[in-house]
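Peer 1: Following this line is start_26.cif, made up of mmCIF, C-alpha atoms:
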```
data_protein
#
loop_
_atom_site.group_PDB
_atom_site.id
_atom_site.type_symbol
_atom_site.label_atom_id
_atom_site.label_comp_id
_atom_site.auth_asym_id
_atom_site.auth_seq_id
_atom_site.Cartn_x
_atom_site.Cartn_y
_atom_site.Cartn_z
ATOM 1 C CA MET B 1 11.884 -2.021 -26.648
ATOM 2 C CA ILE B 2 8.918 -1.937 -24.281
ATOM 3 C CA ARG B 3 6.097 -4.368 -24.930
ATOM 4 C CA PRO B 4 3.167 -5.928 -23.012
ATOM 5 C CA LEU B 5 4.270 -8.577 -20.505
ATOM 6 C CA GLN B 6 3.756 -12.235 -21.343
ATOM 7 C CA PRO B 7 3.652 -15.028 -18.720
ATOM 8 C CA ILE B 8 6.816 -16.637 -20.078
ATOM 9 C CA ASP B 9 8.697 -13.348 -19.617
ATOM 10 C CA VAL B 10 8.988 -13.825 -15.849
ATOM 11 C CA ALA B 11 10.752 -17.184 -16.277
ATOM 12 C CA ARG B 12 12.919 -15.759 -19.037
ATOM 13 C CA TYR B 13 13.911 -12.901 -16.768
ATOM 14 C CA ALA B 14 15.067 -15.299 -14.048
ATOM 15 C CA LEU B 15 16.961 -17.535 -16.480
ATOM 16 C CA SER B 16 18.742 -14.563 -18.072
ATOM 17 C CA GLY B 17 20.374 -13.505 -14.810
ATOM 18 C CA GLY B 18 17.671 -11.337 -13.284
ATOM 19 C CA LYS B 19 17.060 -11.237 -9.555
ATOM 20 C CA GLY B 20 15.019 -14.423 -9.629
ATOM 21 C CA GLY B 21 11.599 -13.018 -8.884
ATOM 22 C CA SER B 22 12.553 -10.512 -6.148
ATOM 23 C CA SER B 23 10.256 -7.562 -6.643
ATOM 24 C CA ARG B 24 11.484 -4.130 -5.603
ATOM 25 C CA ALA B 25 7.896 -2.846 -5.210
ATOM 26 C CA TYR B 26 5.932 -3.827 -2.103
ATOM 27 C CA THR B 27 2.171 -4.157 -1.796
ATOM 28 C CA MET B 28 0.330 -4.628 1.486
ATOM 29 C CA ASP B 29 -0.052 -8.385 1.020
ATOM 30 C CA ARG B 30 3.739 -8.781 0.683
ATOM 31 C CA LEU B 31 4.576 -6.964 3.927
ATOM 32 C CA ARG B 32 4.572 -10.048 6.130
ATOM 33 C CA GLY B 33 8.210 -10.168 7.194
ATOM 34 C CA ALA B 34 11.560 -10.442 5.483
ATOM 35 C CA THR B 35 10.918 -14.062 4.480
ATOM 36 C CA GLN B 36 8.132 -12.866 2.195
ATOM 37 C CA SER B 37 10.248 -10.374 0.233
ATOM 38 C CA ARG B 38 10.763 -12.726 -2.717
ATOM 39 C CA LEU B 39 7.961 -13.071 -5.202
ATOM 40 C CA SER B 40 7.399 -16.546 -6.572
ATOM 41 C CA LEU B 41 7.464 -17.024 -10.322
ATOM 42 C CA VAL B 42 3.984 -18.535 -10.124
ATOM 43 C CA GLU B 43 2.625 -15.411 -8.449
ATOM 44 C CA ALA B 44 4.442 -13.134 -10.857
ATOM 45 C CA ALA B 45 3.022 -15.066 -13.802
ATOM 46 C CA ARG B 46 -0.450 -14.715 -12.288
ATOM 47 C CA ILE B 47 0.009 -10.946 -12.187
ATOM 48 C CA SER B 48 0.941 -10.932 -15.864
ATOM 49 C CA VAL B 49 -2.260 -12.697 -16.959
ATOM 50 C CA PRO B 50 -5.433 -10.578 -16.787
ATOM 51 C CA LEU B 51 -8.309 -12.640 -15.421
ATOM 52 C CA PRO B 52 -11.982 -11.931 -16.120
ATOM 53 C CA ARG B 53 -13.174 -8.897 -14.162
ATOM 54 C CA ARG B 54 -9.612 -8.115 -13.054
ATOM 55 C CA SER B 55 -7.476 -5.422 -14.637
ATOM 56 C CA VAL B 56 -3.716 -5.722 -14.926
ATOM 57 C CA CYS B 57 -1.300 -3.374 -16.657
ATOM 58 C CA SER B 58 2.063 -5.105 -17.163
ATOM 59 C CA TRP B 59 5.039 -4.377 -19.407
ATOM 60 C CA ALA B 60 8.529 -5.689 -20.116
ATOM 61 C CA LEU B 61 11.676 -3.848 -21.177
ATOM 62 C CA VAL B 62 13.535 -5.968 -23.743
ATOM 63 C CA ARG B 63 17.043 -5.461 -25.122
ATOM 64 C CA SER B 64 18.737 -7.846 -27.558
ATOM 65 C CA ASN B 65 15.962 -10.368 -26.962
ATOM 66 C CA ARG B 66 16.732 -10.270 -23.201
ATOM 67 C CA ILE B 67 14.233 -9.270 -20.519
ATOM 68 C CA VAL B 68 15.838 -6.381 -18.621
ATOM 69 C CA THR B 69 13.014 -5.030 -16.454
ATOM 70 C CA ILE B 70 9.408 -6.032 -15.707
ATOM 71 C CA ALA B 71 6.744 -3.793 -14.167
ATOM 72 C CA ALA B 72 3.051 -4.354 -13.469
ATOM 73 C CA ALA B 73 0.252 -2.392 -11.814
ATOM 74 C CA ARG B 74 -3.186 -3.370 -10.502
ATOM 75 C CA PRO B 75 -6.160 -1.510 -9.025
ATOM 76 C CA ARG B 76 -6.422 -1.094 -5.282
ATOM 77 C CA SER B 77 -10.018 -0.957 -4.009
ATOM 78 C CA GLY B 78 -11.430 0.998 -6.921
ATOM 79 C CA PRO B 79 -10.700 1.512 -10.635
ATOM 80 C CA GLN B 80 -9.476 5.080 -10.116
ATOM 81 C CA THR B 81 -6.504 4.131 -7.903
ATOM 82 C CA TRP B 82 -3.777 1.662 -8.874
ATOM 83 C CA GLU B 83 -0.488 0.457 -7.401
ATOM 84 C CA VAL B 84 2.720 -0.918 -8.876
ATOM 85 C CA SER B 85 2.481 -4.546 -7.775
ATOM 86 C CA LEU B 86 5.593 -5.914 -9.484
ATOM 87 C CA LEU B 87 8.946 -4.327 -10.327
ATOM 88 C CA LEU B 88 11.726 -6.695 -11.341
ATOM 89 C CA THR B 89 15.019 -5.120 -12.354
ATOM 90 C CA ALA B 90 18.693 -5.841 -11.767
ATOM 91 C CA SER B 91 19.745 -2.272 -12.482
ATOM 92 C CA ASP B 92 19.497 0.773 -10.226
ATOM 93 C CA ASP B 93 20.153 3.416 -12.862
ATOM 94 C CA ASP B 94 18.925 2.059 -16.193
ATOM 95 C CA PRO B 95 17.127 4.965 -17.923
ATOM 96 C CA GLY B 96 14.856 2.381 -19.505
ATOM 97 C CA CYS B 97 13.297 1.791 -16.092
ATOM 98 C CA ILE B 98 12.125 5.412 -16.079
ATOM 99 C CA GLU B 99 10.489 4.906 -19.446
ATOM 100 C CA LEU B 100 8.956 1.600 -18.332
ATOM 101 C CA LEU B 101 7.303 3.116 -15.235
ATOM 102 C CA SER B 102 5.973 5.935 -17.393
ATOM 103 C CA GLN B 103 4.547 3.359 -19.806
ATOM 104 C CA VAL B 104 2.829 1.565 -16.921
ATOM 105 C CA CYS B 105 1.231 4.837 -15.811
ATOM 106 C CA GLN B 106 0.050 5.561 -19.351
ATOM 107 C CA GLY B 107 -1.490 2.098 -19.479
ATOM 108 C CA VAL B 108 -3.254 2.728 -16.178
ATOM 109 C CA ALA B 109 -4.636 6.004 -17.541
ATOM 110 C CA ARG B 110 -5.984 4.198 -20.611
ATOM 111 C CA ASN B 111 -7.795 1.826 -18.233
ATOM 112 C CA GLY B 112 -9.455 4.733 -16.430
ATOM 113 C CA GLY B 113 -6.971 5.022 -13.571
ATOM 114 C CA GLU B 114 -6.274 8.455 -12.139
ATOM 115 C CA THR B 115 -3.597 7.714 -9.532
ATOM 116 C CA VAL B 116 -0.730 5.213 -9.240
ATOM 117 C CA PHE B 117 1.128 4.399 -6.004
ATOM 118 C CA ILE B 118 4.454 2.614 -5.615
ATOM 119 C CA ARG B 119 6.018 1.490 -2.315
ATOM 120 C CA LEU B 120 9.798 1.012 -2.215
ATOM 121 C CA VAL B 121 12.374 0.435 0.491
ATOM 122 C CA SER B 122 13.398 3.952 1.516
ATOM 123 C CA ASP B 123 17.090 3.557 0.680
ATOM 124 C CA ASP B 124 16.433 1.815 -2.648
ATOM 125 C CA PRO B 125 17.998 3.807 -5.522
ATOM 126 C CA LEU B 126 14.767 3.194 -7.432
ATOM 127 C CA VAL B 127 13.137 5.884 -5.276
ATOM 128 C CA ASP B 128 15.043 8.427 -7.379
ATOM 129 C CA VAL B 129 14.129 6.550 -10.561
ATOM 130 C CA ALA B 130 10.450 6.747 -9.604
ATOM 131 C CA ARG B 131 10.818 10.500 -9.022
ATOM 132 C CA LEU B 132 12.230 10.898 -12.521
ATOM 133 C CA SER B 133 9.191 8.958 -13.804
ATOM 134 C CA GLY B 134 6.846 11.582 -12.348
ATOM 135 C CA PHE B 135 6.183 10.068 -8.913
ATOM 136 C CA ALA B 136 6.291 12.224 -5.773
ATOM 137 C CA PRO B 137 6.877 10.940 -2.205
ATOM 138 C CA CYS B 138 3.729 10.951 -0.094
ATOM 139 C CA THR B 139 4.198 8.620 2.891
ATOM 140 C CA SER B 140 7.007 7.154 4.969
ATOM 141 C CA GLU B 141 6.241 3.914 6.855
ATOM 142 C CA PHE B 142 7.984 1.581 9.295
ATOM 143 C CA LEU B 143 7.467 -2.183 9.381
ATOM 144 C CA PHE B 144 7.641 -3.822 12.831
ATOM 145 C CA CYS B 145 7.711 -7.628 13.022
ATOM 146 C CA ILE B 146 8.050 -10.420 15.550
ATOM 147 C CA ALA B 147 8.623 -14.115 14.885
ATOM 148 C CA GLY B 148 7.564 -17.084 16.963
ATOM 149 C CA ARG B 149 4.973 -17.074 19.699
ATOM 150 C CA HIS B 150 4.522 -13.566 21.013
ATOM 151 C CA ALA B 151 3.255 -12.536 24.408
ATOM 152 C CA THR B 152 -0.012 -10.652 24.684
ATOM 153 C CA HIS B 153 -0.368 -7.736 27.076
ATOM 154 C CA SER B 154 -3.294 -7.146 29.357
ATOM 155 C CA SER B 155 -4.905 -3.757 28.943
ATOM 156 C CA ARG B 156 -8.019 -2.448 30.584
ATOM 157 C CA PRO B 157 -11.176 -3.807 28.948
ATOM 158 C CA VAL B 158 -12.379 -1.885 25.932
ATOM 159 C CA SER B 159 -15.491 -2.298 23.852
ATOM 160 C CA LEU B 160 -14.877 -2.681 20.129
ATOM 161 C CA ARG B 161 -17.340 -3.980 17.587
ATOM 162 C CA LYS B 162 -17.051 -5.389 14.101
ATOM 163 C CA LYS B 163 -16.917 -2.779 11.388
ATOM 164 C CA SER B 164 -20.021 -2.540 9.208
ATOM 165 C CA PRO B 165 -20.473 -1.004 5.737
ATOM 166 C CA ALA B 166 -22.247 1.920 7.400
ATOM 167 C CA ASP B 167 -18.957 2.853 9.114
ATOM 168 C CA GLU B 168 -17.094 3.671 5.900
ATOM 169 C CA TYR B 169 -17.730 7.418 5.865
ATOM 170 C CA ASN B 170 -16.930 7.738 9.562
ATOM 171 C CA LEU B 171 -13.645 5.936 8.908
ATOM 172 C CA PHE B 172 -12.911 8.496 6.202
ATOM 173 C CA GLN B 173 -13.461 11.245 8.762
ATOM 174 C CA LEU B 174 -11.182 9.416 11.211
ATOM 175 C CA PHE B 175 -8.515 9.215 8.504
ATOM 176 C CA ASN B 176 -8.777 12.963 7.920
ATOM 177 C CA ALA B 177 -8.483 13.695 11.641
ATOM 178 C CA SER B 178 -5.501 11.389 12.246
ATOM 179 C CA THR B 179 -3.406 11.936 9.108
ATOM 180 C CA PRO B 180 -1.164 14.926 8.277
ATOM 181 C CA ALA B 181 -2.556 17.223 5.599
ATOM 182 C CA GLU B 182 0.209 16.489 3.056
ATOM 183 C CA SER B 183 -0.561 12.756 3.167
ATOM 184 C CA ARG B 184 -4.327 13.293 3.049
ATOM 185 C CA PHE B 185 -3.983 15.308 -0.123
ATOM 186 C CA THR B 186 -2.188 12.504 -1.989
ATOM 187 C CA PHE B 187 -4.947 10.023 -1.155
ATOM 188 C CA GLY B 188 -7.602 12.400 -2.442
ATOM 189 C CA MET B 189 -9.759 14.761 -0.453
ATOM 190 C CA THR B 190 -13.063 13.091 -1.378
ATOM 191 C CA PHE B 191 -14.620 10.040 0.199
ATOM 192 C CA ASP B 192 -14.780 8.134 -3.101
ATOM 193 C CA ARG B 193 -11.094 8.667 -3.889
ATOM 194 C CA TRP B 194 -10.044 7.735 -0.359
ATOM 195 C CA LYS B 195 -12.107 4.556 -0.520
ATOM 196 C CA ALA B 196 -10.617 3.612 -3.899
ATOM 197 C CA SER B 197 -7.119 4.081 -2.436
ATOM 198 C CA GLN B 198 -7.517 1.484 0.316
ATOM 199 C CA GLU B 199 -5.016 -1.341 -0.042
ATOM 200 C CA ARG B 200 -6.137 -4.911 -0.425
ATOM 201 C CA SER B 201 -4.759 -7.771 1.643
ATOM 202 C CA ARG B 202 -5.314 -11.473 1.165
ATOM 203 C CA GLY B 203 -6.180 -14.009 3.820
ATOM 204 C CA ARG B 204 -8.708 -13.923 6.621
ATOM 205 C CA ARG B 205 -9.446 -10.277 7.382
ATOM 206 C CA ARG B 206 -11.290 -8.774 10.345
ATOM 207 C CA GLU B 207 -11.959 -5.128 11.110
ATOM 208 C CA PHE B 208 -13.112 -3.542 14.361
ATOM 209 C CA VAL B 209 -14.035 -0.002 15.363
ATOM 210 C CA TYR B 210 -13.803 1.856 18.659
ATOM 211 C CA GLU B 211 -16.430 4.457 19.580
ATOM 212 C CA THR B 212 -16.652 7.190 22.214
ATOM 213 C CA ASP B 213 -20.029 8.820 22.869
ATOM 214 C CA GLY B 214 -21.292 7.487 19.552
ATOM 215 C CA ASP B 215 -18.333 8.849 17.529
ATOM 216 C CA LEU B 216 -15.987 6.474 15.714
ATOM 217 C CA ARG B 217 -12.537 7.181 17.192
ATOM 218 C CA GLY B 218 -10.428 4.137 16.411
ATOM 219 C CA TRP B 219 -10.001 1.271 13.939
ATOM 220 C CA VAL B 220 -8.193 -2.072 14.076
ATOM 221 C CA LYS B 221 -7.647 -4.457 11.153
ATOM 222 C CA THR B 222 -6.144 -7.925 11.396
ATOM 223 C CA SER B 223 -5.371 -10.377 8.618
ATOM 224 C CA LYS B 224 -3.841 -13.819 8.670
ATOM 225 C CA ARG B 225 -2.554 -15.939 5.813
ATOM 226 C CA PHE B 226 -0.362 -19.072 5.896
ATOM 227 C CA GLY B 227 0.425 -18.440 9.566
ATOM 228 C CA ALA B 228 1.588 -14.856 8.985
ATOM 229 C CA GLY B 229 -0.420 -12.131 10.702
ATOM 230 C CA GLN B 230 -0.698 -8.465 9.873
ATOM 231 C CA LEU B 231 -2.056 -5.610 11.976
ATOM 232 C CA GLN B 232 -3.131 -2.038 11.215
ATOM 233 C CA VAL B 233 -4.276 0.544 13.759
ATOM 234 C CA MET B 234 -5.705 4.042 13.350
ATOM 235 C CA ILE B 235 -6.846 6.289 16.198
ATOM 236 C CA HIS B 236 -8.092 9.846 16.635
ATOM 237 C CA PRO B 237 -5.403 12.206 18.047
ATOM 238 C CA GLN B 238 -7.635 13.062 21.007
ATOM 239 C CA GLU B 239 -7.805 9.348 21.875
ATOM 240 C CA GLU B 240 -4.088 8.636 21.527
ATOM 241 C CA THR B 241 -3.813 7.619 25.184
ATOM 242 C CA ASN B 242 -5.944 4.586 24.233
ATOM 243 C CA VAL B 243 -3.741 3.436 21.346
ATOM 244 C CA ALA B 244 -2.156 0.736 23.549
ATOM 245 C CA ILE B 245 -5.608 -0.716 24.170
ATOM 246 C CA LEU B 246 -6.363 -0.938 20.447
ATOM 247 C CA LEU B 247 -2.920 -2.362 19.729
ATOM 248 C CA ASP B 248 -3.280 -5.125 22.310
ATOM 249 C CA TYR B 249 -6.818 -5.849 21.136
ATOM 250 C CA GLY B 250 -5.506 -6.550 17.641
ATOM 251 C CA LEU B 251 -2.444 -8.484 18.802
ATOM 252 C CA LYS B 252 -4.556 -10.846 20.899
ATOM 253 C CA ARG B 253 -6.496 -11.778 17.780
ATOM 254 C CA LEU B 254 -3.232 -12.715 16.080
ATOM 255 C CA ALA B 255 -1.849 -14.689 19.040
ATOM 256 C CA GLY B 256 -1.699 -17.939 17.057
ATOM 257 C CA ALA B 257 0.221 -16.490 14.104
ATOM 258 C CA ARG B 258 3.740 -17.677 13.359
ATOM 259 C CA THR B 259 4.865 -14.117 12.606
ATOM 260 C CA VAL B 260 3.113 -10.779 13.087
ATOM 261 C CA CYS B 261 3.916 -7.545 11.266
ATOM 262 C CA CYS B 262 2.550 -4.053 11.715
ATOM 263 C CA LEU B 263 3.068 -1.279 9.157
ATOM 264 C CA VAL B 264 3.099 2.091 10.926
ATOM 265 C CA PRO B 265 3.030 5.530 9.263
ATOM 266 C CA GLU B 266 5.843 7.852 10.290
ATOM 267 C CA HIS B 267 3.498 10.192 12.186
ATOM 268 C CA GLN B 268 2.278 7.410 14.543
ATOM 269 C CA VAL B 269 5.250 7.786 16.877
ATOM 270 C CA LEU B 270 3.538 6.423 20.004
ATOM 271 C CA LEU B 271 2.439 3.258 18.202
ATOM 272 C CA GLN B 272 6.020 2.675 17.056
ATOM 273 C CA ARG B 273 7.263 3.003 20.638
ATOM 274 C CA LEU B 274 4.608 0.637 21.990
ATOM 275 C CA LEU B 275 5.490 -2.034 19.428
ATOM 276 C CA SER B 276 9.154 -1.797 20.406
ATOM 277 C CA GLN B 277 8.210 -2.190 24.063
ATOM 278 C CA ARG B 278 6.321 -5.372 23.164
ATOM 279 C CA GLY B 279 9.365 -6.956 21.554
ATOM 280 C CA TYR B 280 8.654 -6.053 17.920
ATOM 281 C CA HIS B 281 11.668 -5.204 15.783
ATOM 282 C CA LEU B 282 11.921 -2.534 13.116
ATOM 283 C CA THR B 283 12.710 -4.557 9.994
ATOM 284 C CA SER B 284 12.222 -2.100 7.122
ATOM 285 C CA GLN B 285 11.412 1.484 6.261
ATOM 286 C CA TYR B 286 9.389 2.220 3.141
ATOM 287 C CA THR B 287 8.678 5.263 1.020
ATOM 288 C CA THR B 288 5.411 5.358 -0.887
ATOM 289 C CA LEU B 289 5.287 7.592 -3.931
ATOM 290 C CA VAL B 290 2.300 8.653 -6.007
ATOM 291 C CA ARG B 291 1.713 9.870 -9.535
ATOM 292 C CA SER B 292 -1.464 11.512 -10.743
ATOM 293 C CA MET B 293 -2.489 11.306 -14.383
ATOM 294 C CA VAL B 294 -5.421 13.730 -14.182
ATOM 295 C CA ALA B 295 -4.089 16.898 -12.572
ATOM 296 C CA PRO B 296 -2.438 18.353 -15.712
ATOM 297 C CA ALA B 297 -5.596 17.800 -17.751
ATOM 298 C CA ARG B 298 -7.741 19.428 -15.097
ATOM 299 C CA ILE B 299 -5.373 22.374 -14.816
ATOM 300 C CA GLU B 300 -5.405 22.813 -18.585
ATOM 301 C CA GLY B 301 -9.198 22.629 -18.587
ATOM 302 C CA THR B 302 -9.361 25.295 -15.909
ATOM 303 C CA ARG B 303 -7.057 27.525 -17.932
ATOM 304 C CA ARG B 304 -9.229 27.150 -21.036
ATOM 305 C CA LYS B 305 -12.353 28.072 -19.085
ATOM 306 C CA ALA B 306 -10.602 31.116 -17.669
ATOM 307 C CA THR B 307 -9.466 32.168 -21.161
ATOM 308 C CA ILE B 308 -12.989 31.833 -22.587
ATOM 309 C CA ALA B 309 -14.484 33.723 -19.668
ATOM 310 C CA SER B 310 -12.046 36.613 -20.113
ATOM 311 C CA THR B 311 -12.703 37.058 -23.854
#
```
Could you rewrite the structure in this file as structure tokens?
Peer 2:
Amino acid sequence: MIRPLQPIDVARYALSGGKGGSSRAYTMDRLRGATQSRLSLVEAARISVPLPRRSVCSWALVRSNRIVTIAAARPRSGPQTWEVSLLLTASDDDPGCIELLSQVCQGVARNGGETVFIRLVSDDPLVDVARLSGFAPCTSEFLFCIAGRHATHSSRPVSLRKKSPADEYNLFQLFNASTPAESRFTFGMTFDRWKASQERSRGRRREFVYETDGDLRGWVKTSKRFGAGQLQVMIHPQEETNVAILLDYGLKRLAGARTVCCLVPEHQVLLQRLLSQRGYHLTSQYTTLVRSMVAPARIEGTRRKATIAST
């Protein structure tokens, strides 16, 4: 039986022999090193309780009065795009997990969501389960981390400024220029859908942009929470020779962090190499999958229009 998740279900899951709050789905705010892989029961319970002005879609798979699997989804930066934020299951091949993920997506659609993302460790058997639930792979990412005090590297001076709201559309253009076409398509080809797909991260966040001749050509985002730092970098392909400058700019702003992690898309090969040269270790590889709940309806609508037009 699948039913809406209740706060007590998370504790019941742990007590019944589940994996004690270790979520198999990873959101951006949980990618802060291997020590952050376990999800506390308090945080999981918070996810299960919708707060005012915050949407949550959460369900539990129950058999013989025992919690078998728990899944929850939340919006990213806009109501159209959601992500699976919690996936607790002890089984790799339970067909009920397929049904549960499908139920989560249906719940998202009822709340106005059009797209659902899920990030899993690449060799997790649940990647195949997600495929059977209608998800399709869209992005492969590598997580580089370093613990303890890390050295900063001196690069030639570069002028970056704080990102302003007026930079949003130019960042969208930078994303289009620096991201392979197959990945761009999954995030949506419009500015509004791209913006809604941006992942949230908790803690103190700062964003900077790099310009050349008035054109926005690079972006750096840092965040810090409980001593753990996180870095993201995006740069125009024609400016790739300057990626080390942007990397070091961001790392210097995280110099006081206890640990620093950087999630790098598969296509950013040079950034991966530079992180390795700076002592960062590859700790995990992730596969992000996506499911759209609107494409079939739109296709059907197009077919109906074509049928009417031809009669």
Peer 1: Dump as a ChimeraX atom specification all residues having an atom at most 7 Å from (0.3, -1.0, -7.0), computed in the file's coordinates with all atoms listed in the file.
Peer 2: /B:27,73-76,82-85,116-118
Peer 1: Please determine, counting only C-alpha atoms, which residue among B:Gln80, B:Asn242, B:Ser22, B:Gln230 has the shortest atom-to-atom distance to Leu143 in chain B.
Peer 2: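 Nearest candidate to Leu143 in chain B out of B:Gln80, B:Asn242, B:Ser22, B:Gln230: B:Gln230.
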Peer 1: Could you list, as a list in words, every residue matched by the PyMOL selection byres ((chain B and resi 270) around 12) in this structure?
Peer 2: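 Applying the expression gives Val233, Met234, Ile235, Pro237, Glu239, Glu240, Thr241, Asn242, Val243, Ala244, Leu247, Val264, Pro265, Glu266, His267, Gln268, Val269, Leu271, Gln272, Arg273, Leu274, Leu275, Ser276 and Gln277 of chain B.
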Peer 1: Could you take the residues named above and write them with C-alpha atoms, as a compact mmCIF listing (two decimals), in the coordinates of the input?
Peer 2:
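File selection31.txt, as written:
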```txt
# COMPACT_ATOMS: atom_id res chain seq x y z
CA VAL B 233 -4.28 0.54 13.76
CA MET B 234 -5.70 4.04 13.35
CA ILE B 235 -6.85 6.29 16.20
CA PRO B 237 -5.40 12.21 18.05
CA GLU B 239 -7.80 9.35 21.88
CA GLU B 240 -4.09 8.64 21.53
CA THR B 241 -3.81 7.62 25.18
CA ASN B 242 -5.94 4.59 24.23
CA VAL B 243 -3.74 3.44 21.35
CA ALA B 244 -2.16 0.74 23.55
CA LEU B 247 -2.92 -2.36 19.73
CA VAL B 264 3.10 2.09 10.93
CA PRO B 265 3.03 5.53 9.26
CA GLU B 266 5.84 7.85 10.29
CA HIS B 267 3.50 10.19 12.19
CA GLN B 268 2.28 7.41 14.54
CA VAL B 269 5.25 7.79 16.88
CA LEU B 271 2.44 3.26 18.20
CA GLN B 272 6.02 2.68 17.06
CA ARG B 273 7.26 3.00 20.64
CA LEU B 274 4.61 0.64 21.99
CA LEU B 275 5.49 -2.03 19.43
CA SER B 276 9.15 -1.80 20.41
CA GLN B 277 8.21 -2.19 24.06
```
Peer 1: Please provide as a ChimeraX atom specification all residues within 12 Å of Gly214 in chain B, with the sequence filter that same-chain residues fewer than 4 positions apart are discarded (counting only C-alpha atoms).
Peer 2: /B:167,170,209-210,218
Peer 1: Specify as a ChimeraX atom specification each residue included when the PyMOL selection byres ((chain B and resi 146) around 8) is applied to this file.
Peer 2: /B:144-145,147-148,150,259-261,279-281
Peer 1: By how many Å are CA of Trp219 in chain B and CA of Leu246 in chain B apart?
Peer 2: 7.8 Å
Peer 1: Give as a PyMOL selection string the residues that the PyMOL selection byres ((chain B and resi 171) around 12) matches when applied to the coordinates above.
Peer 2: chain B and resi 163-170+172-179+191+194-195+198+207-211+215-220+233-236
Peer 1: Using all atoms listed in the file, which of B:Arg119, B:Lys221, B:Arg66, B:Arg110 sits nearest Ala25 in chain B?
Peer 2: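 So, comparing all the options, the nearest one is B:Arg119.
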Peer 1: Kindly list the centre and edge lengths in Å, rounded to one decimal, for the axis-aligned box that covers all listed atoms of range 108-120 of chain B plus 8 Å on each of its six sides, as AutoDock Vina command-line options.
Peer 2:
```
--center_x 0.2 --center_y 4.7 --center_z -11.4 --size_x 35.3 --size_y 23.4 --size_z 34.4
```
Peer 1: What residues have an atom no more than 8 Å from (4.7, -2.1, -20.0) in the file's own frame, counting all atoms listed in the file, and can you write them as a list in words?
Peer 2: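 Counting all atoms listed in the file, I find these residues within 8 Å of (4.7, -2.1, -20.0): Ile2, Arg3, Pro4, Leu5, Cys57, Ser58, Trp59, Ala60, Leu61, Ile70, Ala71, Ala72, Leu100, Leu101, Gln103, Val104 and Gly107 of chain B.
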Peer 1: Pick from B:Leu88, B:Asp29, B:Pro7, B:Cys97: nearest to Ala228 in chain B, with all atoms listed in the file counted?
Peer 2: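 Looking only at the distances to Ala228 in chain B, the closest residue turns out to be B:Asp29.
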Peer 1: What does the distance from CA of Ser77 in chain B to CA of Ala196 in chain B come to in Å, to one decimal?
Peer 2: 4.6 Å
Peer 1: Could you state the separation of CA of Pro180 in chain B and CA of Val290 in chain B in Å, given to one decimal place?
Peer 2: 16.0 Å
Peer 1: Counting all atoms listed in the file, which of B:Met28, B:Leu289, B:Met189, B:Leu282 gets nearest to Arg131 in chain B?
Peer 2: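 Closest to Arg131 in chain B of all the choices is B:Leu289.
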Peer 1: May I ask which of the residues B:Ala90, B:Ile245, B:Leu160, B:Val129 is the closest one to Thr69 in chain B, counting only C-alpha atoms?
Peer 2: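 The closest residue to Thr69 in chain B is B:Ala90.
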Peer 1: Nearest residue to Gly250 in chain B out of B:Phe226, B:Ser133, B:Val158, B:Arg184, using all atoms listed in the file?
Peer 2: B:Val158
